[in-house]
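Data block for coords.cif (mmCIF, C-alpha atoms):
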```
data_final
loop_
_atom_site.group_PDB
_atom_site.id
_atom_site.type_symbol
_atom_site.label_atom_id
_atom_site.label_comp_id
_atom_site.auth_asym_id
_atom_site.auth_seq_id
_atom_site.Cartn_x
_atom_site.Cartn_y
_atom_site.Cartn_z
ATOM 1 C CA MET A 1 11.865 4.218 2.587
ATOM 2 C CA ILE A 2 8.451 3.182 3.904
ATOM 3 C CA ALA A 3 5.809 1.868 1.502
ATOM 4 C CA VAL A 4 2.102 1.889 2.333
ATOM 5 C CA ASP A 5 -0.267 -0.952 1.481
ATOM 6 C CA THR A 6 -3.843 -0.537 0.267
ATOM 7 C CA ASN A 7 -5.530 -1.332 3.574
ATOM 8 C CA ILE A 8 -3.770 1.515 5.383
ATOM 9 C CA LEU A 9 -4.812 3.892 2.589
ATOM 10 C CA VAL A 10 -8.438 2.725 2.747
ATOM 11 C CA TYR A 11 -8.566 2.967 6.547
ATOM 12 C CA ALA A 12 -7.117 6.491 6.403
ATOM 13 C CA HIS A 13 -9.579 7.616 3.737
ATOM 14 C CA ARG A 14 -12.849 6.035 4.876
ATOM 15 C CA THR A 15 -14.263 6.975 8.278
ATOM 16 C CA GLU A 16 -16.128 3.667 8.866
ATOM 17 C CA PRO A 17 -13.175 1.374 9.648
ATOM 18 C CA PRO A 18 -12.319 1.065 13.339
ATOM 19 C CA PHE A 19 -8.683 1.948 12.573
ATOM 20 C CA HIS A 20 -9.546 5.134 10.670
ATOM 21 C CA THR A 21 -8.122 7.594 13.210
ATOM 22 C CA ASP A 22 -4.887 5.646 13.668
ATOM 23 C CA ALA A 23 -4.404 5.123 9.915
ATOM 24 C CA LEU A 24 -5.054 8.791 9.211
ATOM 25 C CA ALA A 25 -2.501 9.760 11.872
ATOM 26 C CA CYS A 26 0.084 7.378 10.339
ATOM 27 C CA LEU A 27 -0.330 8.831 6.860
ATOM 28 C CA SER A 28 -0.369 12.392 8.146
ATOM 29 C CA ARG A 29 2.892 11.712 9.966
ATOM 30 C CA LEU A 30 4.464 10.244 6.819
ATOM 31 C CA ALA A 31 3.251 13.123 4.650
ATOM 32 C CA SER A 32 4.688 15.749 6.986
ATOM 33 C CA ASP A 33 7.962 13.958 7.774
ATOM 34 C CA SER A 34 11.175 14.315 5.798
ATOM 35 C CA VAL A 35 11.536 10.543 5.322
ATOM 36 C CA PRO A 36 10.850 9.185 1.830
ATOM 37 C CA TRP A 37 7.688 7.114 1.590
ATOM 38 C CA ALA A 38 5.897 5.405 -1.243
ATOM 39 C CA ILE A 39 2.705 3.912 -2.571
ATOM 40 C CA PRO A 40 3.123 0.946 -4.925
ATOM 41 C CA TRP A 41 1.158 1.453 -8.164
ATOM 42 C CA PRO A 42 -0.907 -1.736 -7.643
ATOM 43 C CA CYS A 43 -2.069 -0.264 -4.326
ATOM 44 C CA VAL A 44 -3.219 2.891 -6.106
ATOM 45 C CA TYR A 45 -5.498 0.852 -8.361
ATOM 46 C CA GLU A 46 -6.701 -1.360 -5.529
ATOM 47 C CA PHE A 47 -7.440 1.700 -3.344
ATOM 48 C CA LEU A 48 -9.547 3.190 -6.136
ATOM 49 C CA ALA A 49 -11.361 -0.102 -6.721
ATOM 50 C CA VAL A 50 -12.163 -0.585 -3.028
ATOM 51 C CA VAL A 51 -13.259 2.887 -1.953
ATOM 52 C CA THR A 52 -15.482 3.425 -5.016
ATOM 53 C CA HIS A 53 -17.105 -0.042 -4.849
ATOM 54 C CA PRO A 54 -20.868 0.072 -4.115
ATOM 55 C CA ARG A 55 -20.881 -3.462 -2.680
ATOM 56 C CA ILE A 56 -18.200 -2.598 -0.141
ATOM 57 C CA PHE A 57 -19.546 0.772 1.024
ATOM 58 C CA VAL A 58 -23.196 1.827 1.208
ATOM 59 C CA GLU A 59 -22.081 5.229 -0.012
ATOM 60 C CA PRO A 60 -18.883 4.642 -1.974
ATOM 61 C CA THR A 61 -16.396 7.411 -2.468
ATOM 62 C CA PRO A 62 -16.955 9.222 -5.769
ATOM 63 C CA MET A 63 -14.040 8.591 -8.132
ATOM 64 C CA ALA A 64 -13.119 12.284 -8.291
ATOM 65 C CA VAL A 65 -12.882 12.419 -4.480
ATOM 66 C CA ALA A 66 -10.768 9.244 -4.347
ATOM 67 C CA LEU A 67 -8.416 10.643 -6.995
ATOM 68 C CA ASP A 68 -8.183 13.934 -5.097
ATOM 69 C CA GLN A 69 -7.241 11.975 -1.967
ATOM 70 C CA LEU A 70 -4.430 10.189 -3.781
ATOM 71 C CA GLU A 71 -3.259 13.464 -5.264
ATOM 72 C CA ALA A 72 -3.180 15.036 -1.793
ATOM 73 C CA TRP A 73 -1.058 12.197 -0.410
ATOM 74 C CA LEU A 74 1.273 12.364 -3.389
ATOM 75 C CA ALA A 75 1.657 16.112 -2.935
ATOM 76 C CA SER A 76 3.816 15.283 0.070
ATOM 77 C CA PRO A 77 7.343 16.338 -0.940
ATOM 78 C CA HIS A 78 8.793 12.935 -0.067
ATOM 79 C CA ALA A 79 6.091 10.693 -1.569
ATOM 80 C CA VAL A 80 6.789 8.553 -4.627
ATOM 81 C CA LEU A 81 4.957 5.924 -6.628
ATOM 82 C CA LEU A 82 6.632 2.538 -6.980
ATOM 83 C CA GLY A 83 6.378 1.078 -10.460
ATOM 84 C CA GLU A 84 8.038 -1.604 -12.503
ATOM 85 C CA MET A 85 11.641 -1.086 -13.349
ATOM 86 C CA GLU A 86 14.322 -2.817 -15.401
ATOM 87 C CA GLY A 87 14.724 -6.388 -14.174
ATOM 88 C CA GLN A 88 11.337 -6.421 -12.458
ATOM 89 C CA PHE A 89 10.328 -9.744 -13.976
ATOM 90 C CA SER A 90 13.294 -11.549 -12.392
ATOM 91 C CA ILE A 91 12.455 -10.157 -8.956
ATOM 92 C CA THR A 92 8.754 -10.959 -9.338
ATOM 93 C CA LYS A 93 9.559 -14.473 -10.559
ATOM 94 C CA ALA A 94 11.805 -15.127 -7.554
ATOM 95 C CA VAL A 95 9.176 -13.816 -5.119
ATOM 96 C CA LEU A 96 6.436 -15.954 -6.686
ATOM 97 C CA LEU A 97 8.520 -19.123 -6.744
ATOM 98 C CA GLN A 98 9.797 -18.637 -3.198
ATOM 99 C CA SER A 99 6.348 -17.916 -1.766
ATOM 100 C CA ARG A 100 4.572 -20.561 -3.887
ATOM 101 C CA LEU A 101 1.601 -18.249 -4.301
ATOM 102 C CA ARG A 102 -0.987 -18.337 -7.042
ATOM 103 C CA GLY A 103 -4.404 -16.944 -7.833
ATOM 104 C CA PRO A 104 -5.481 -13.721 -6.105
ATOM 105 C CA ALA A 105 -2.421 -13.802 -3.811
ATOM 106 C CA VAL A 106 -0.270 -12.905 -6.852
ATOM 107 C CA HIS A 107 -1.328 -9.300 -6.212
ATOM 108 C CA ASP A 108 0.479 -9.335 -2.849
ATOM 109 C CA ALA A 109 3.531 -10.880 -4.506
ATOM 110 C CA LYS A 110 3.559 -8.069 -7.069
ATOM 111 C CA VAL A 111 3.468 -5.448 -4.305
ATOM 112 C CA ALA A 112 6.218 -7.280 -2.408
ATOM 113 C CA ALA A 113 8.377 -7.544 -5.546
ATOM 114 C CA LEU A 114 8.002 -3.809 -6.238
ATOM 115 C CA CYS A 115 8.997 -2.995 -2.678
ATOM 116 C CA LEU A 116 12.035 -5.255 -2.912
ATOM 117 C CA ALA A 117 13.066 -3.808 -6.284
ATOM 118 C CA HIS A 118 12.911 -0.283 -4.844
ATOM 119 C CA ASP A 119 14.800 -1.199 -1.657
ATOM 120 C CA VAL A 120 11.844 -0.393 0.595
ATOM 121 C CA ASP A 121 12.907 -0.636 4.230
ATOM 122 C CA GLU A 122 9.434 -1.474 5.511
ATOM 123 C CA LEU A 123 5.940 -2.053 4.129
ATOM 124 C CA TRP A 124 3.199 -0.705 6.373
ATOM 125 C CA THR A 125 0.244 -3.065 6.138
ATOM 126 C CA ALA A 126 -2.516 -4.586 8.231
ATOM 127 C CA ASP A 127 -2.394 -7.705 6.038
ATOM 128 C CA ARG A 128 -0.650 -10.660 7.697
ATOM 129 C CA ASP A 129 -0.343 -12.386 4.309
ATOM 130 C CA TYR A 130 2.836 -10.409 3.650
ATOM 131 C CA SER A 131 4.587 -12.674 6.149
ATOM 132 C CA ARG A 132 4.903 -15.038 3.166
ATOM 133 C CA PHE A 133 7.704 -12.791 1.929
ATOM 134 C CA PRO A 134 10.498 -13.121 4.506
ATOM 135 C CA SER A 135 12.844 -10.823 2.573
ATOM 136 C CA LEU A 136 10.382 -7.919 2.952
ATOM 137 C CA ALA A 137 10.151 -6.218 6.339
ATOM 138 C CA THR A 138 6.578 -5.378 7.267
ATOM 139 C CA ARG A 139 4.904 -3.623 10.162
ATOM 140 C CA ASN A 140 1.341 -2.945 11.127
ATOM 141 C CA PRO A 141 1.527 0.698 12.246
ATOM 142 C CA LEU A 142 -2.026 0.454 13.609
ATOM 143 C CA LEU A 143 -0.959 -2.099 16.224
ATOM 144 C CA HIS A 144 2.676 -1.055 16.651
ATOM 145 C CA PRO A 145 2.920 2.722 16.156
#
```
Could you spell out this file's structure in structure tokens?
Amino acid sequence: MIAVDTNILVYAHRTEPPFHTDALACLSRLASDSVPWAIPWPCVYEFLAVVTHPRIFVEPTPMAVALDQLEAWLASPHAVLLGEMEGQFSITKAVLLQSRLRGPAVHDAKVAALCLAHDVDELWTADRDYSRFPSLATRNPLLHP
């Protein structure tokens, strides 16, 4: 299963980023393929926070439009949301202790722990910070399609 990080979602949704076309193509390919793919719940919330933020975008996405976008992605027959499951705390604890992260980087650790708990094969992200989690395979599909 492939999981998609917030930055890929934002790039696919907003037309301003230089990687918009490539990100949109990546998500379109996932949505139309028969391979299971996922969005971690923390990335859902972060996507909504970013695209609707008036300090990030001159004309932020209206909340209803952002929610419609998520709903459209999740309408893909093979899309799932990754949430906490039984034993999640143990996995998250191990990821945090191994990576020695704290502060805002705990968000990335939470996403990594969810991916590991759900046996994600690869997290698609443009964020190099995920290299702090050697047990999680990552790929930037915008640079390596």
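For the set A:Ala105, A:Ala126, A:His13, A:Pro42, the residue with the smallest atom-to-atom gap to Leu70 (chain A) is A:His13, counting all atoms listed in the file.
You can rank A:Met85, A:Val51, A:Val80, A:Ala31 by their closest distance to Leu114 (chain A) using all atoms listed in the file, and at the top of that list sits A:Met85.
Picture a line from CA of Cys115 (chain A) to CA of Leu27 (chain A); it runs 17.8 Å.
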Pick from A:Ala117, A:Val4, A:His53, A:Leu123, whichever lies nearest to Gly87 (chain A) using all atoms listed in the file: A:Ala117
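Using only C-alpha atoms, the nearest neighbour of Phe133 (chain A) within the list A:Asp22, A:Asp33, A:Asp108, A:Glu84 is A:Asp108.
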Selection near region 136-145 of chain A, 12 Å with only C-alpha atoms, sequence-local residues under 3 positions removed, as a ChimeraX atom specification: /A:1-5,7-9,11-12,17-27,29-30,95,99,108-109,111-133
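What separates CA of Phe47 (chain A) from CA of Ser76 (chain A) is a distance of 18.0 Å.
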Which residues are close to Glu59 (chain A), i.e. within 12 Å by all atoms listed in the file, leaving aside same-chain residues fewer than 5 positions away? Reply as a list of chain:residue names. A:Arg14, A:Thr15, A:Glu16, A:Val50, A:Val51, A:Thr52, A:His53, A:Pro54
In the coordinates of the file, take the point (5.3, -7.6, -11.6) and a cut-off of 6 Å; then, counting all atoms listed in the file, name each qualifying protein, DNA or RNA residue as a PyMOL selection string. chain A and resi 89+92+110
Where atoms are lacking, region 13-26 of chain A completed to N, CA and C atoms, as a compact mmCIF listing (two decimals), in the coordinates of the input:
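Once everything was written out, this is out03.txt:
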```txt
# COMPACT_ATOMS: atom_id res chain seq x y z
N HIS A 13 -8.64 6.85 4.55
CA HIS A 13 -9.58 7.62 3.74
C HIS A 13 -11.03 7.49 4.21
N ARG A 14 -11.45 6.28 4.50
CA ARG A 14 -12.85 6.04 4.88
C ARG A 14 -13.00 6.15 6.39
N THR A 15 -14.08 6.77 6.84
CA THR A 15 -14.26 6.98 8.28
C THR A 15 -14.89 5.77 8.98
N GLU A 16 -15.46 4.81 8.25
CA GLU A 16 -16.13 3.67 8.87
C GLU A 16 -15.19 2.68 9.56
N PRO A 17 -14.02 2.40 9.02
CA PRO A 17 -13.18 1.37 9.65
C PRO A 17 -12.78 1.76 11.07
N PRO A 18 -12.68 0.76 11.95
CA PRO A 18 -12.32 1.06 13.34
C PRO A 18 -10.92 1.66 13.48
N PHE A 19 -10.05 1.43 12.51
CA PHE A 19 -8.68 1.95 12.57
C PHE A 19 -8.52 3.26 11.84
N HIS A 20 -9.63 3.91 11.47
CA HIS A 20 -9.55 5.13 10.67
C HIS A 20 -8.64 6.20 11.31
N THR A 21 -8.88 6.52 12.55
CA THR A 21 -8.12 7.59 13.21
C THR A 21 -6.64 7.28 13.25
N ASP A 22 -6.30 6.03 13.60
CA ASP A 22 -4.89 5.65 13.67
C ASP A 22 -4.24 5.65 12.28
N ALA A 23 -4.95 5.15 11.28
CA ALA A 23 -4.40 5.12 9.91
C ALA A 23 -4.21 6.54 9.39
N LEU A 24 -5.17 7.40 9.64
CA LEU A 24 -5.05 8.79 9.21
C LEU A 24 -3.85 9.46 9.87
N ALA A 25 -3.65 9.19 11.15
CA ALA A 25 -2.50 9.76 11.87
C ALA A 25 -1.19 9.25 11.29
N CYS A 26 -1.13 7.96 10.95
CA CYS A 26 0.08 7.38 10.34
C CYS A 26 0.42 8.06 9.02
```
